[in-house]
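Written below as structure tokens is the structure these notes are about.
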Amino acid sequence: MVSLVIGGAASGKSAFAEDLILAAPSRPLIYAATMEPWGEEAQKRIARHRALRAGKGFVTFEAPRAANLLEIPEGGAVLLECLTTLTANECFSVGFDGAEKRLLAGVEALLRRCGDAVLVSGDLFSDGYTYPPETERYLSVLAAVNGELALRADRVIEVCCSIPIFHKGEA
């Protein structure tokens with residue numbers, strides 16, 4: 001089963017996604033962490049997420065680039081946290097050219113090798129701001145990746161104020 005969980009900042013999407021993957025039948029539980037520890041804020045977010053999943057049985061696998069997804073072991077239930085960060089890492093570190101293709105290839109390879117997957121992504125599209133061209137290009141890549149993965153997912157869930165809204169599939 002593949003689930004795509006989307007929500008805004010502090011929406012409860014991560015906690016909901018963890019609950020989904022914990023309920024999946026596949027094992028081991030693999031947490032694919034995409035954030036790189038650049039700066040104090042990132043380190044605090046990483047520490048917070050580690051504390052939240054402590055004692056839940058996850059094996060953490062660092063996957064800051066799409067290519068790293070190819071190295072995640074076969075089998076198991078994978079929680080990919082998150083596509084928003086993975087896309088930023090890919091676009092701003094590796095490059096925009098081919099980013100969508102690289103991201104989708106990495107996620108597809110991951111999905112072929114795992115029993116269950118929950119993919120988490122941020123809703124960065126509804127604030128109404130006009131951003132600099134480079135940021136708009138990043139948002140375009142993220143929107144394309146989210147859209148393609150939503151088509152392929154068994155379930156698409158938006159989390160708003162910790163309330164899951166199922167757009168595709170059932171609870």
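Residue numbers start at 1 in each chain; chains themselves are named A, B, ... in the order of the structure tokens; ligands are numbered from 1 in the order shown.
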Skip range 103-106 of chain A itself and residues of its chain fewer than 3 positions away, then list as a ChimeraX atom specification all residues within 6 Å of it, counting only C-alpha atoms. /A:66-67,69,100,109
Keeping only N, CA, C and O atoms, take the residues you just selected and write them out as a PDB file, in the first residue's frame.
ATOM      1  N   ALA A  66      17.599  11.985  -4.078  1.00  0.00           N
ATOM      2  CA  ALA A  66      16.801  10.937  -4.720  1.00  0.00           C
ATOM      3  C   ALA A  66      17.614   9.668  -4.915  1.00  0.00           C
ATOM      4  O   ALA A  66      17.098   8.563  -4.744  1.00  0.00           O
ATOM      5  N   ALA A  67      18.881   9.811  -5.256  1.00  0.00           N
ATOM      6  CA  ALA A  67      19.725   8.634  -5.475  1.00  0.00           C
ATOM      7  C   ALA A  67      19.870   7.799  -4.210  1.00  0.00           C
ATOM      8  O   ALA A  67      19.990   6.579  -4.271  1.00  0.00           O
ATOM      9  N   LEU A  69      17.646   7.037  -2.159  1.00  0.00           N
ATOM     10  CA  LEU A  69      16.483   6.161  -2.006  1.00  0.00           C
ATOM     11  C   LEU A  69      16.765   4.776  -2.587  1.00  0.00           C
ATOM     12  O   LEU A  69      16.174   3.791  -2.163  1.00  0.00           O
ATOM     13  N   GLU A 100      12.814  16.579 -11.528  1.00  0.00           N
ATOM     14  CA  GLU A 100      11.557  15.826 -11.433  1.00  0.00           C
ATOM     15  C   GLU A 100      11.778  14.365 -11.815  1.00  0.00           C
ATOM     16  O   GLU A 100      11.328  13.455 -11.108  1.00  0.00           O
ATOM     17  N   ALA A 109      11.802   3.494  -7.538  1.00  0.00           N
ATOM     18  CA  ALA A 109      12.697   2.387  -7.153  1.00  0.00           C
ATOM     19  C   ALA A 109      12.431   1.979  -5.711  1.00  0.00           C
ATOM     20  O   ALA A 109      12.397   0.786  -5.392  1.00  0.00           O
TER      21      ALA A 109
END
As a VMD selection string, please: the residues near Val107 in chain A (cut-off 12 Å, only C-alpha atoms, same-chain neighbours under 2 positions excluded). chain A and resid 2 4 32 63 65 to 72 78 to 80 82 to 83 86 to 87 100 to 105 109 to 114 117 to 120 145 to 146 148 to 149 152 to 153
Run DSSP on the backbone and give me the residues of range 23-56 of chain A it puts in strand (DSSP E), as a PyMOL selection string. chain A and resi 29-33
Find the spatial neighbours of Gly75 in chain A, counting only C-alpha atoms, within a cut-off of 9 Å - ignore same-chain residues fewer than 6 positions away - and output them as a ChimeraX atom specification. /A:26-28,113-116
Counting only C-alpha atoms, what is within 9 Å of Glu18 in chain A, bar same-chain residues fewer than 4 positions away, as a PyMOL selection string? chain A and resi 13-14+22-23+53+79+118
May I have the residues from that selection written out with all heavy atoms, as a compact mmCIF listing (two decimals), in the first residue's frame?
# COMPACT_ATOMS: atom_id res chain seq x y z
N LYS A 13 0.64 16.26 9.95
CA LYS A 13 0.87 15.27 8.89
C LYS A 13 1.91 14.23 9.27
O LYS A 13 1.75 13.05 8.97
CB LYS A 13 1.22 15.94 7.56
CG LYS A 13 2.54 16.66 7.53
CD LYS A 13 2.77 17.37 6.20
CE LYS A 13 4.04 18.18 6.22
NZ LYS A 13 4.00 19.33 7.12
N SER A 14 2.96 14.63 9.96
CA SER A 14 4.01 13.67 10.33
C SER A 14 3.50 12.65 11.32
O SER A 14 3.76 11.44 11.18
CB SER A 14 5.22 14.41 10.92
OG SER A 14 5.83 15.21 9.93
N LEU A 22 3.00 2.63 11.07
CA LEU A 22 3.02 1.69 12.19
C LEU A 22 1.92 0.64 12.06
O LEU A 22 2.08 -0.49 12.53
CB LEU A 22 2.88 2.44 13.52
CG LEU A 22 4.10 3.26 13.95
CD1 LEU A 22 3.75 4.18 15.11
CD2 LEU A 22 5.27 2.37 14.29
N ALA A 23 0.81 0.98 11.41
CA ALA A 23 -0.30 0.05 11.23
C ALA A 23 -0.10 -0.87 10.02
O ALA A 23 -0.83 -1.84 9.84
CB ALA A 23 -1.61 0.82 11.07
N ARG A 53 9.71 9.64 17.34
CA ARG A 53 9.65 8.24 16.88
C ARG A 53 10.47 7.28 17.74
O ARG A 53 10.52 6.09 17.47
CB ARG A 53 10.00 8.13 15.40
CG ARG A 53 11.41 8.46 15.02
CD ARG A 53 11.62 8.28 13.52
NE ARG A 53 12.99 8.49 13.18
CZ ARG A 53 13.53 9.66 12.86
NH1 ARG A 53 12.80 10.74 12.84
NH2 ARG A 53 14.81 9.75 12.55
N LEU A 79 8.66 4.99 5.73
CA LEU A 79 8.09 6.32 5.92
C LEU A 79 9.10 7.30 5.36
O LEU A 79 10.21 7.43 5.89
CB LEU A 79 7.84 6.60 7.41
CG LEU A 79 7.39 8.01 7.79
CD1 LEU A 79 6.11 8.41 7.05
CD2 LEU A 79 7.19 8.11 9.28
N VAL A 118 4.66 5.19 3.10
CA VAL A 118 3.94 6.43 3.36
C VAL A 118 4.90 7.57 2.98
O VAL A 118 6.00 7.66 3.52
CB VAL A 118 3.49 6.55 4.83
CG1 VAL A 118 2.84 7.90 5.07
CG2 VAL A 118 2.53 5.42 5.19
